[in-house]
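Peer 1: Next comes final07.tsv, TSV, C-alpha atoms and all ligand atoms:
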chain	number	residue	atom	x	y	z
C	224	MET	CA	-34.65	21.63	-24.63
C	225	ILE	CA	-37.42	23.61	-26.31
C	226	TYR	CA	-36.68	27.34	-26.59
C	227	LEU	CA	-39.77	29.55	-26.53
C	228	LYS	CA	-39.29	32.59	-28.74
C	229	THR	CA	-39.98	36.15	-27.65
C	230	GLU	CA	-41.84	38.68	-29.80
C	231	GLU	CA	-38.43	40.18	-30.55
C	232	ASP	CA	-37.10	36.82	-31.75
C	233	LEU	CA	-40.20	36.46	-33.90
C	234	VAL	CA	-39.45	39.68	-35.76
C	235	PHE	CA	-36.17	38.09	-36.89
C	236	LEU	CA	-37.73	34.69	-37.54
C	237	ARG	CA	-40.34	36.33	-39.78
C	238	GLU	CA	-37.58	38.06	-41.74
C	239	SER	CA	-35.61	34.84	-42.26
C	240	GLY	CA	-38.80	32.98	-43.16
C	241	GLU	CA	-39.70	35.62	-45.72
C	242	ILE	CA	-36.26	35.37	-47.35
C	243	VAL	CA	-36.69	31.61	-47.68
C	244	ALA	CA	-40.21	32.04	-49.06
C	245	LYS	CA	-38.97	34.53	-51.66
C	246	ALA	CA	-36.00	32.36	-52.57
C	247	LEU	CA	-38.39	29.50	-53.35
C	248	GLY	CA	-40.34	31.97	-55.50
C	249	GLU	CA	-37.12	32.60	-57.46
C	250	VAL	CA	-36.63	28.85	-57.77
C	251	ALA	CA	-40.19	28.54	-59.14
C	252	LYS	CA	-39.17	30.85	-62.00
C	253	CYS	CA	-36.41	28.54	-63.20
C	254	VAL	CA	-37.72	25.00	-62.63
C	255	GLN	CA	-38.19	23.62	-66.15
C	256	PRO	CA	-36.94	20.85	-68.42
C	257	GLY	CA	-33.27	21.23	-69.35
C	258	VAL	CA	-32.18	23.09	-66.21
C	259	THR	CA	-29.54	21.55	-63.93
C	260	THR	CA	-30.12	21.31	-60.21
C	261	LYS	CA	-26.75	23.02	-59.72
C	262	TYR	CA	-28.09	26.07	-61.57
C	263	ILE	CA	-31.14	26.21	-59.29
C	264	ASP	CA	-28.86	26.00	-56.25
C	265	GLN	CA	-26.79	28.94	-57.52
C	266	ILE	CA	-29.89	31.08	-58.16
C	267	ALA	CA	-31.10	30.49	-54.60
C	268	GLU	CA	-27.71	31.04	-52.99
C	269	ASP	CA	-27.21	34.37	-54.82
C	270	PHE	CA	-30.72	35.44	-53.86
C	271	ILE	CA	-30.27	34.58	-50.17
C	272	ARG	CA	-26.95	36.42	-50.00
C	273	SER	CA	-28.45	39.48	-51.73
C	274	TYR	CA	-30.68	39.84	-48.64
C	275	GLY	CA	-27.68	39.79	-46.31
C	276	ALA	CA	-28.55	36.26	-45.21
C	277	GLU	CA	-26.61	33.00	-45.33
C	278	PRO	CA	-27.77	29.67	-46.74
C	279	SER	CA	-28.47	27.52	-43.67
C	280	PHE	CA	-27.64	24.21	-45.32
C	281	LEU	CA	-24.26	25.08	-46.88
C	282	ASN	CA	-21.62	23.16	-44.89
C	283	TYR	CA	-24.25	22.02	-42.34
C	284	GLY	CA	-22.79	18.72	-41.15
C	285	GLY	CA	-20.72	18.81	-44.34
C	286	PHE	CA	-23.64	19.35	-46.76
C	287	PRO	CA	-22.08	20.74	-49.95
C	288	ALA	CA	-24.79	23.11	-51.24
C	289	SER	CA	-27.33	25.79	-50.36
C	290	LEU	CA	-30.39	23.77	-51.32
C	291	CYS	CA	-31.38	20.15	-50.98
C	292	ILE	CA	-32.77	19.26	-54.42
C	293	SER	CA	-34.41	15.86	-54.58
C	294	VAL	CA	-35.76	14.52	-57.88
C	295	ASN	CA	-38.52	11.87	-58.21
C	296	GLU	CA	-37.66	8.91	-55.94
C	297	VAL	CA	-35.16	10.98	-53.95
C	298	VAL	CA	-37.03	11.80	-50.74
C	299	VAL	CA	-34.72	14.49	-49.29
C	300	HIS	CA	-31.11	15.67	-49.09
C	301	GLY	CA	-30.37	15.43	-52.82
C	302	PHE	CA	-27.10	17.12	-53.83
C	303	PRO	CA	-27.44	19.79	-56.51
C	304	SER	CA	-25.35	18.70	-59.48
C	305	GLU	CA	-24.38	19.77	-62.97
C	306	LYS	CA	-25.11	16.21	-64.03
C	307	THR	CA	-28.73	16.28	-62.85
C	308	ILE	CA	-30.76	17.84	-65.66
C	309	LEU	CA	-34.48	18.21	-65.01
C	310	LYS	CA	-36.69	16.58	-67.60
C	311	ASP	CA	-40.34	16.69	-68.56
C	312	GLY	CA	-42.43	14.64	-66.12
C	313	ASP	CA	-40.06	14.92	-63.16
C	314	ILE	CA	-40.99	16.19	-59.74
C	315	VAL	CA	-38.37	18.07	-57.79
C	316	SER	CA	-38.40	18.82	-54.08
C	317	VAL	CA	-36.46	21.97	-53.24
C	318	ASP	CA	-35.64	22.47	-49.56
C	319	CYS	CA	-34.28	25.90	-48.59
C	320	GLY	CA	-32.95	27.41	-45.38
C	321	ALA	CA	-31.64	30.89	-44.66
C	322	LYS	CA	-30.14	32.52	-41.58
C	323	LYS	CA	-30.20	36.21	-40.79
C	324	ASN	CA	-29.79	38.07	-37.48
C	325	GLY	CA	-28.93	34.72	-35.91
C	326	PHE	CA	-32.25	33.02	-36.76
C	327	HIS	CA	-33.13	30.44	-39.40
C	328	GLY	CA	-36.08	29.87	-41.70
C	329	ASP	CA	-36.75	26.49	-43.35
C	330	SER	CA	-39.19	25.55	-46.10
C	331	ALA	CA	-39.62	23.04	-48.92
C	332	TYR	CA	-41.85	22.75	-51.97
C	333	THR	CA	-42.13	19.99	-54.55
C	334	PHE	CA	-42.40	21.39	-58.08
C	335	ARG	CA	-43.64	19.79	-61.27
C	336	VAL	CA	-41.29	19.85	-64.25
C	337	GLY	CA	-43.36	20.16	-67.43
C	338	ASP	CA	-46.20	17.64	-67.68
C	339	VAL	CA	-46.42	15.26	-64.75
C	340	LYS	CA	-48.61	12.14	-64.55
C	341	GLN	CA	-51.96	12.72	-62.85
C	342	GLU	CA	-51.24	10.13	-60.16
C	343	VAL	CA	-48.05	11.96	-59.23
C	344	VAL	CA	-49.84	15.31	-59.18
C	345	ALA	CA	-52.31	13.72	-56.76
C	346	LEU	CA	-49.40	12.71	-54.49
C	347	LEU	CA	-48.10	16.29	-54.48
C	348	ARG	CA	-51.54	17.70	-53.75
C	349	ALA	CA	-52.16	15.28	-50.87
C	350	THR	CA	-48.73	15.91	-49.34
C	351	LYS	CA	-49.23	19.66	-49.39
C	352	GLU	CA	-52.74	19.32	-47.99
C	353	SER	CA	-51.41	17.09	-45.21
C	354	LEU	CA	-48.99	19.86	-44.26
C	355	TYR	CA	-51.97	22.17	-43.75
C	356	MET	CA	-53.77	19.45	-41.77
C	357	GLY	CA	-50.71	19.41	-39.50
C	358	ILE	CA	-50.59	23.20	-39.24
C	359	GLU	CA	-54.27	23.22	-38.25
C	360	GLN	CA	-53.35	21.11	-35.21
C	361	ALA	CA	-50.47	23.40	-34.26
C	362	VAL	CA	-52.28	25.39	-31.60
C	363	GLU	CA	-51.49	26.08	-28.00
C	364	GLY	CA	-52.50	23.24	-25.68
C	365	LYS	CA	-52.40	20.47	-28.32
C	366	ARG	CA	-49.48	18.08	-28.57
C	367	ILE	CA	-46.83	17.20	-31.13
C	368	GLY	CA	-48.57	13.84	-31.65
C	369	ASP	CA	-51.71	15.63	-32.83
C	370	ILE	CA	-49.75	17.16	-35.71
C	371	GLY	CA	-48.21	13.85	-36.78
C	372	ASN	CA	-51.48	12.03	-36.43
C	373	ALA	CA	-53.24	14.53	-38.71
C	374	VAL	CA	-50.55	14.22	-41.41
C	375	GLN	CA	-50.40	10.44	-41.20
C	376	THR	CA	-54.15	9.88	-41.22
C	377	TYR	CA	-54.66	12.18	-44.19
C	378	CYS	CA	-51.98	10.50	-46.30
C	379	GLN	CA	-52.58	6.89	-45.39
C	380	ARG	CA	-56.29	7.25	-46.14
C	381	ARG	CA	-55.26	8.06	-49.69
C	382	GLY	CA	-53.00	5.04	-49.94
C	383	TYR	CA	-49.68	6.83	-49.44
C	384	SER	CA	-47.05	6.09	-46.83
C	385	VAL	CA	-45.20	8.26	-44.34
C	386	VAL	CA	-41.40	8.25	-44.09
C	387	ARG	CA	-40.40	7.62	-40.45
C	388	GLU	CA	-36.66	8.22	-40.37
C	389	MET	CA	-36.76	11.97	-41.05
C	390	VAL	CA	-38.94	14.36	-39.09
C	391	GLY	CA	-39.76	18.02	-38.63
C	392	HIS	CA	-38.11	20.03	-35.87
C	393	GLY	CA	-37.92	23.20	-33.82
C	394	VAL	CA	-36.40	26.21	-35.61
C	395	GLY	CA	-34.58	29.15	-34.07
C	396	ARG	CA	-30.96	30.06	-33.52
C	397	GLU	CA	-30.26	26.49	-34.60
C	398	LEU	CA	-31.63	25.05	-37.84
C	399	HIS	CA	-32.72	21.92	-36.01
C	400	GLU	CA	-33.92	22.38	-32.45
C	401	ASP	CA	-36.18	20.40	-30.15
C	402	PRO	CA	-38.81	19.16	-30.36
C	403	GLU	CA	-38.79	16.56	-33.12
C	404	VAL	CA	-42.00	16.80	-35.16
C	405	PRO	CA	-42.74	13.38	-36.72
C	406	ASN	CA	-45.24	13.01	-39.55
C	407	TYR	CA	-46.92	10.16	-37.69
C	408	GLY	CA	-48.12	9.77	-34.14
C	409	LYS	CA	-50.93	9.47	-31.66
C	410	HIS	CA	-53.46	12.03	-30.53
C	411	GLY	CA	-52.48	13.54	-27.21
C	412	ALA	CA	-48.91	12.17	-27.29
C	413	GLY	CA	-45.61	14.05	-27.12
C	414	PRO	CA	-44.64	17.52	-25.89
C	415	GLN	CA	-47.41	20.06	-25.41
C	416	LEU	CA	-47.50	23.02	-27.79
C	417	LYS	CA	-46.95	26.42	-26.21
C	418	ALA	CA	-47.13	29.95	-27.59
C	419	GLY	CA	-43.64	30.96	-28.69
C	420	MET	CA	-42.70	27.56	-30.06
C	421	VAL	CA	-41.43	27.75	-33.63
C	422	ILE	CA	-41.40	24.48	-35.55
C	423	ALA	CA	-40.95	23.18	-39.06
C	424	ILE	CA	-43.64	20.71	-40.15
C	425	GLU	CA	-42.44	18.76	-43.18
C	426	PRO	CA	-44.36	15.75	-44.46
C	427	MET	CA	-42.25	13.40	-46.61
C	428	ILE	CA	-44.81	11.17	-48.29
C	429	ASN	CA	-44.20	8.19	-50.57
C	430	MET	CA	-46.36	6.91	-53.39
C	431	GLY	CA	-45.38	3.32	-52.55
C	432	SER	CA	-43.88	1.82	-49.42
C	433	LYS	CA	-42.46	3.90	-46.58
C	434	ASN	CA	-39.07	2.19	-46.79
C	435	ILE	CA	-36.05	4.25	-47.71
C	436	ILE	CA	-32.40	3.72	-48.58
C	437	ILE	CA	-29.59	6.14	-47.74
C	438	GLY	CA	-27.21	6.71	-50.62
C	439	ARG	CA	-23.49	6.05	-50.72
C	440	ASN	CA	-22.69	9.71	-50.04
C	441	GLY	CA	-24.39	9.30	-46.65
C	442	TRP	CA	-27.01	11.95	-47.43
C	443	GLU	CA	-29.28	11.25	-50.36
C	444	VAL	CA	-32.42	9.44	-49.21
C	445	ARG	CA	-34.34	7.41	-51.81
C	446	THR	CA	-37.47	5.32	-51.72
C	447	ALA	CA	-36.56	1.63	-51.59
C	448	ASP	CA	-39.13	0.82	-54.31
C	449	ARG	CA	-38.01	3.76	-56.49
C	450	LYS	CA	-41.51	5.20	-56.57
C	451	PRO	CA	-41.86	8.99	-56.26
C	452	SER	CA	-41.84	10.87	-52.98
C	453	ALA	CA	-43.10	14.38	-52.18
C	454	HIS	CA	-41.99	16.90	-49.56
C	455	PHE	CA	-43.58	20.16	-48.41
C	456	GLU	CA	-42.42	22.18	-45.41
C	457	ASN	CA	-43.34	25.34	-43.59
C	458	THR	CA	-41.80	27.00	-40.54
C	459	ILE	CA	-44.61	28.13	-38.25
C	460	ALA	CA	-45.00	29.91	-34.92
C	461	ILE	CA	-47.46	28.77	-32.26
C	462	ARG	CA	-49.41	31.83	-31.13
C	463	LYS	CA	-51.52	32.69	-28.13
C	464	ASN	CA	-55.22	31.98	-28.62
C	465	GLY	CA	-55.44	31.06	-32.24
C	466	ALA	CA	-54.06	29.62	-35.40
C	467	ALA	CA	-50.34	29.19	-36.01
C	468	GLU	CA	-48.55	31.87	-38.00
C	469	ILE	CA	-46.88	30.57	-41.16
C	470	LEU	CA	-43.45	32.20	-41.47
C	471	THR	CA	-42.57	30.75	-44.91
C	472	SER	CA	-45.73	31.25	-46.96
C	473	PHE	CA	-45.96	29.65	-50.42
C	474	ASP	CA	-47.58	32.84	-51.78
C	475	HIS	CA	-44.43	33.85	-53.67
C	476	ILE	CA	-44.41	30.48	-55.41
C	477	LYS	CA	-48.12	30.84	-56.17
C	478	GLU	CA	-47.53	34.24	-57.75
C	479	VAL	CA	-44.97	32.72	-60.13
C	480	LEU	CA	-46.76	29.48	-60.96
C	481	GLY	CA	-50.29	30.87	-61.33
C	482	ASP	CA	-52.56	28.07	-62.61
C	483	ARG	CA	-49.74	25.55	-62.19
C	484	PHE	CA	-49.60	26.11	-58.45
C	485	ILE	CA	-50.64	23.01	-56.57
H	501	MG	MG	-36.16	22.08	-44.87
H	502	MG	MG	-36.62	21.17	-41.95
Show me, as structure tokens, the structure contained in the file I just sent.
Ligand code: MG
Ligand code: MG
Peer 2:
Amino acid sequence: MIYLKTEEDLVFLRESGEIVAKALGEVAKCVQPGVTTKYIDQIAEDFIRSYGAEPSFLNYGGFPASLCISVNEVVVHGFPSEKTILKDGDIVSVDCGAKKNGFHGDSAYTFRVGDVKQEVVALLRATKESLYMGIEQAVEGKRIGDIGNAVQTYCQRRGYSVVREMVGHGVGRELHEDPEVPNYGKHGAGPQLKAGMVIAIEPMINMGSKNIIIGRNGWEVRTADRKPSAHFENTIAIRKNGAAEILTSFDHIKEVLGDRFI
């Protein structure tokens, strides 16, 4: 069931989204060679709690941390760890959720660690651009398939592949609500978009094949060919007569990264 949000709900959803956006800005400050992913997780958790919010992912289905931190060929759901030390040339996807006043926000950004190969930077750029292609389609009257089709077309044209097993989702009182928002699809297919729908669009795009392997811990998702994968996510609200409203803007990350912002 798809829950349409009221203007009152949206006030809370904006607040949660803003906390997530700011938390990723804090993360941007500390992503560098030599830092452990556990440290990044702690920074974000402390930040989220300082706003009177709770990390959405902690204990979600048994997930052991506040952030999903996925390095290089890890697509999503990486466990923060003291053993995972970021090194020059890595890319690291940081997925963050926060809940306040009963409503969640959800966003992800893939950061560069030090100097990253140009071909990998191109993957990051295309994945982020494909997110905006999807957001452009997220207007009243269009359908979920229009979003997925825009993401898929944009990425496949550039030679990348779209992960099928994990998808975007509705966001509200639950972290994952209906509808599912795949990063592939057909024009005009799927549920129709209505004002008041709040969804997370989150392309997970692979440099090589689309095939993935789920790790022994039952969470960590890797590319089968071990080539890098990128992940960008925004929570957005479908509005009446016009463009979607982005609730988890990357502006805080941009402020921190300056010229290094992709
Ligand atoms: Mg997320
Ligand atoms: Mg999500």
Peer 1: What do you get as a list in words if you pick all residues at most 10 Å from ligand MG 501 (chain H), counting all atoms listed in the file?
Peer 2: Val243, Ser279, Phe280, Leu290, Cys291, Val299, His300, Val317, Asp318, Cys319, Gly320, Ala321, Gly328, Asp329, Ser330, Ala331, Tyr332, Gly391, His392, Leu398, His399, Ala423, Ile424, Glu425, His454, Phe455, Glu456, Asn457 and Thr458 of chain C
Peer 1: Just how far from atom CA of Val404 of chain C is atom CA of Ala349 of chain C, in Å to one decimal?
Peer 2: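 Between these atoms lies a distance of 18.8 Å.
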Peer 1: From the options C:Ala453, C:Ala418, C:Ile476, C:Met430, which residue's atoms come nearest to Arg381 of chain C, counting only C-alpha atoms?
Peer 2: C:Met430
Peer 1: Is it possible to get the axis-aligned box enclosing segment 420-425 of chain C (all listed atoms, 3 Å extra per side) as AutoDock Vina command-line options, with centre and edge lengths in Å rounded to one decimal?
Peer 2:
--center_x -42.3 --center_y 23.3 --center_z -36.6 --size_x 8.7 --size_y 15.0 --size_z 19.1
Peer 1: Using only C-alpha atoms, which of the listed residues (C:Arg462, C:Lys477, C:Arg380, C:Lys417) sits closest to Thr350 of chain C?
Peer 2: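 The shortest atom-to-atom distance to Thr350 of chain C comes from C:Arg380.
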Peer 1: Between C:Gly257, C:Gly393, C:Gly285, C:Gly312, which has the minimum distance to ligand MG 502 (chain H) (counting all atoms listed in the file)?
Peer 2: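 Closest candidate: C:Gly393.
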Peer 1: Give me the residues near Ile370 of chain C as a PyMOL selection string, where near means some atom within 10 Å (using all atoms listed in the file) and where sequence neighbours in that chain fewer than 4 positions away do not count.
Peer 2: chain C and resi 353-362+365-366+374-375+404-412+424
Peer 1: So, with all atoms listed in the file as the atoms that count, which of C:Ile428, C:Val315, C:Ile459, C:Ile436 lies closest to ligand MG 502 (chain H)?
Peer 2: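 Using all atoms listed in the file, ligand MG 502 (chain H) sits closest to C:Ile459.
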Peer 1: Could you tell me how far atom CA of Ser293 of chain C lies from atom CA of His327 of chain C, in Å and to one decimal?
Peer 2: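 Spanning atom CA of Ser293 of chain C to atom CA of His327 of chain C is a straight-line distance of 21.1 Å.
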Peer 1: List the neighbours of Gln341 of chain C out to 12 Å using all atoms listed in the file; skip same-chain residues closer than 6 positions along the sequence, and give me the result as a ChimeraX atom specification.
Peer 2: /C:312,314,335,347-348
Peer 1: Can you work out the spacing between atom CA of Asp264 of chain C and atom CA of Gly438 of chain C in Å, to one decimal?
Peer 2: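 Interatomic distance here is 20.2 Å.
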Peer 1: Would you mind telling me which residue in C:Ile271, C:Leu281, C:Ala345, C:Val258 lies nearest to Leu309 of chain C when using all atoms listed in the file?
Peer 2: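 For Leu309 of chain C, the nearest of the given residues is C:Val258.
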Peer 1: Which residue gives the smallest distance to ligand MG 502 (chain H) among C:Val479, C:Gly382, C:Gly395, C:Lys463, with only C-alpha atoms and all ligand atoms counted?
Peer 2: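 Nearest to ligand MG 502 (chain H): C:Gly395.
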Peer 1: Counting only C-alpha atoms, which residues sit no farther than 6 Å from the position (-25.6, 18.5, -64.5) in the file's frame? I'd like them as JSON, numbers by chain.
Peer 2: {"C": [259, 304, 305, 306, 307, 308]}
Peer 1: With C-alpha atoms retained, could you export that selection as an mmCIF file, in the coordinates of the input?
Peer 2:
data_model
loop_
_atom_site.group_PDB
_atom_site.id
_atom_site.type_symbol
_atom_site.label_atom_id
_atom_site.label_comp_id
_atom_site.auth_asym_id
_atom_site.auth_seq_id
_atom_site.Cartn_x
_atom_site.Cartn_y
_atom_site.Cartn_z
ATOM 1 C CA THR C 259 -29.540 21.550 -63.930
ATOM 2 C CA SER C 304 -25.350 18.700 -59.480
ATOM 3 C CA GLU C 305 -24.380 19.770 -62.970
ATOM 4 C CA LYS C 306 -25.110 16.210 -64.030
ATOM 5 C CA THR C 307 -28.730 16.280 -62.850
ATOM 6 C CA ILE C 308 -30.760 17.840 -65.660
#
Peer 1: Write only C-alpha atoms for segment 297-324 of chain C from the block just shown, as an mmCIF file, in the first residue's frame.
Peer 2:
data_model
loop_
_atom_site.group_PDB
_atom_site.id
_atom_site.type_symbol
_atom_site.label_atom_id
_atom_site.label_comp_id
_atom_site.auth_asym_id
_atom_site.auth_seq_id
_atom_site.Cartn_x
_atom_site.Cartn_y
_atom_site.Cartn_z
ATOM 1 C CA VAL C 297 30.874 -3.678 -2.583
ATOM 2 C CA VAL C 298 27.594 -2.462 -4.085
ATOM 3 C CA VAL C 299 25.595 -1.831 -0.881
ATOM 4 C CA HIS C 300 25.112 -2.955 2.730
ATOM 5 C CA GLY C 301 28.797 -2.981 3.672
ATOM 6 C CA PHE C 302 29.393 -3.304 7.429
ATOM 7 C CA PRO C 303 31.480 -0.531 8.968
ATOM 8 C CA SER C 304 34.582 -2.132 10.457
ATOM 9 C CA GLU C 305 37.767 -1.269 12.297
ATOM 10 C CA LYS C 306 39.540 -3.560 9.855
ATOM 11 C CA THR C 307 38.424 -1.641 6.771
ATOM 12 C CA ILE C 308 40.885 1.216 6.316
ATOM 13 C CA LEU C 309 40.235 3.533 3.380
ATOM 14 C CA LYS C 310 43.137 3.878 0.985
ATOM 15 C CA ASP C 311 44.107 6.190 -1.835
ATOM 16 C CA GLY C 312 42.162 5.330 -5.000
ATOM 17 C CA ASP C 313 39.170 3.744 -3.267
ATOM 18 C CA ILE C 314 35.576 4.755 -3.768
ATOM 19 C CA VAL C 315 33.245 4.481 -0.817
ATOM 20 C CA SER C 316 29.464 4.513 -0.905
ATOM 21 C CA VAL C 317 27.973 5.827 2.328
ATOM 22 C CA ASP C 318 24.260 5.183 2.814
ATOM 23 C CA CYS C 319 22.599 7.029 5.706
ATOM 24 C CA GLY C 320 19.131 6.995 7.233
ATOM 25 C CA ALA C 321 17.697 8.948 10.147
ATOM 26 C CA LYS C 322 14.331 8.922 11.887
ATOM 27 C CA LYS C 323 12.810 11.811 13.787
ATOM 28 C CA ASN C 324 9.186 12.556 14.730
#
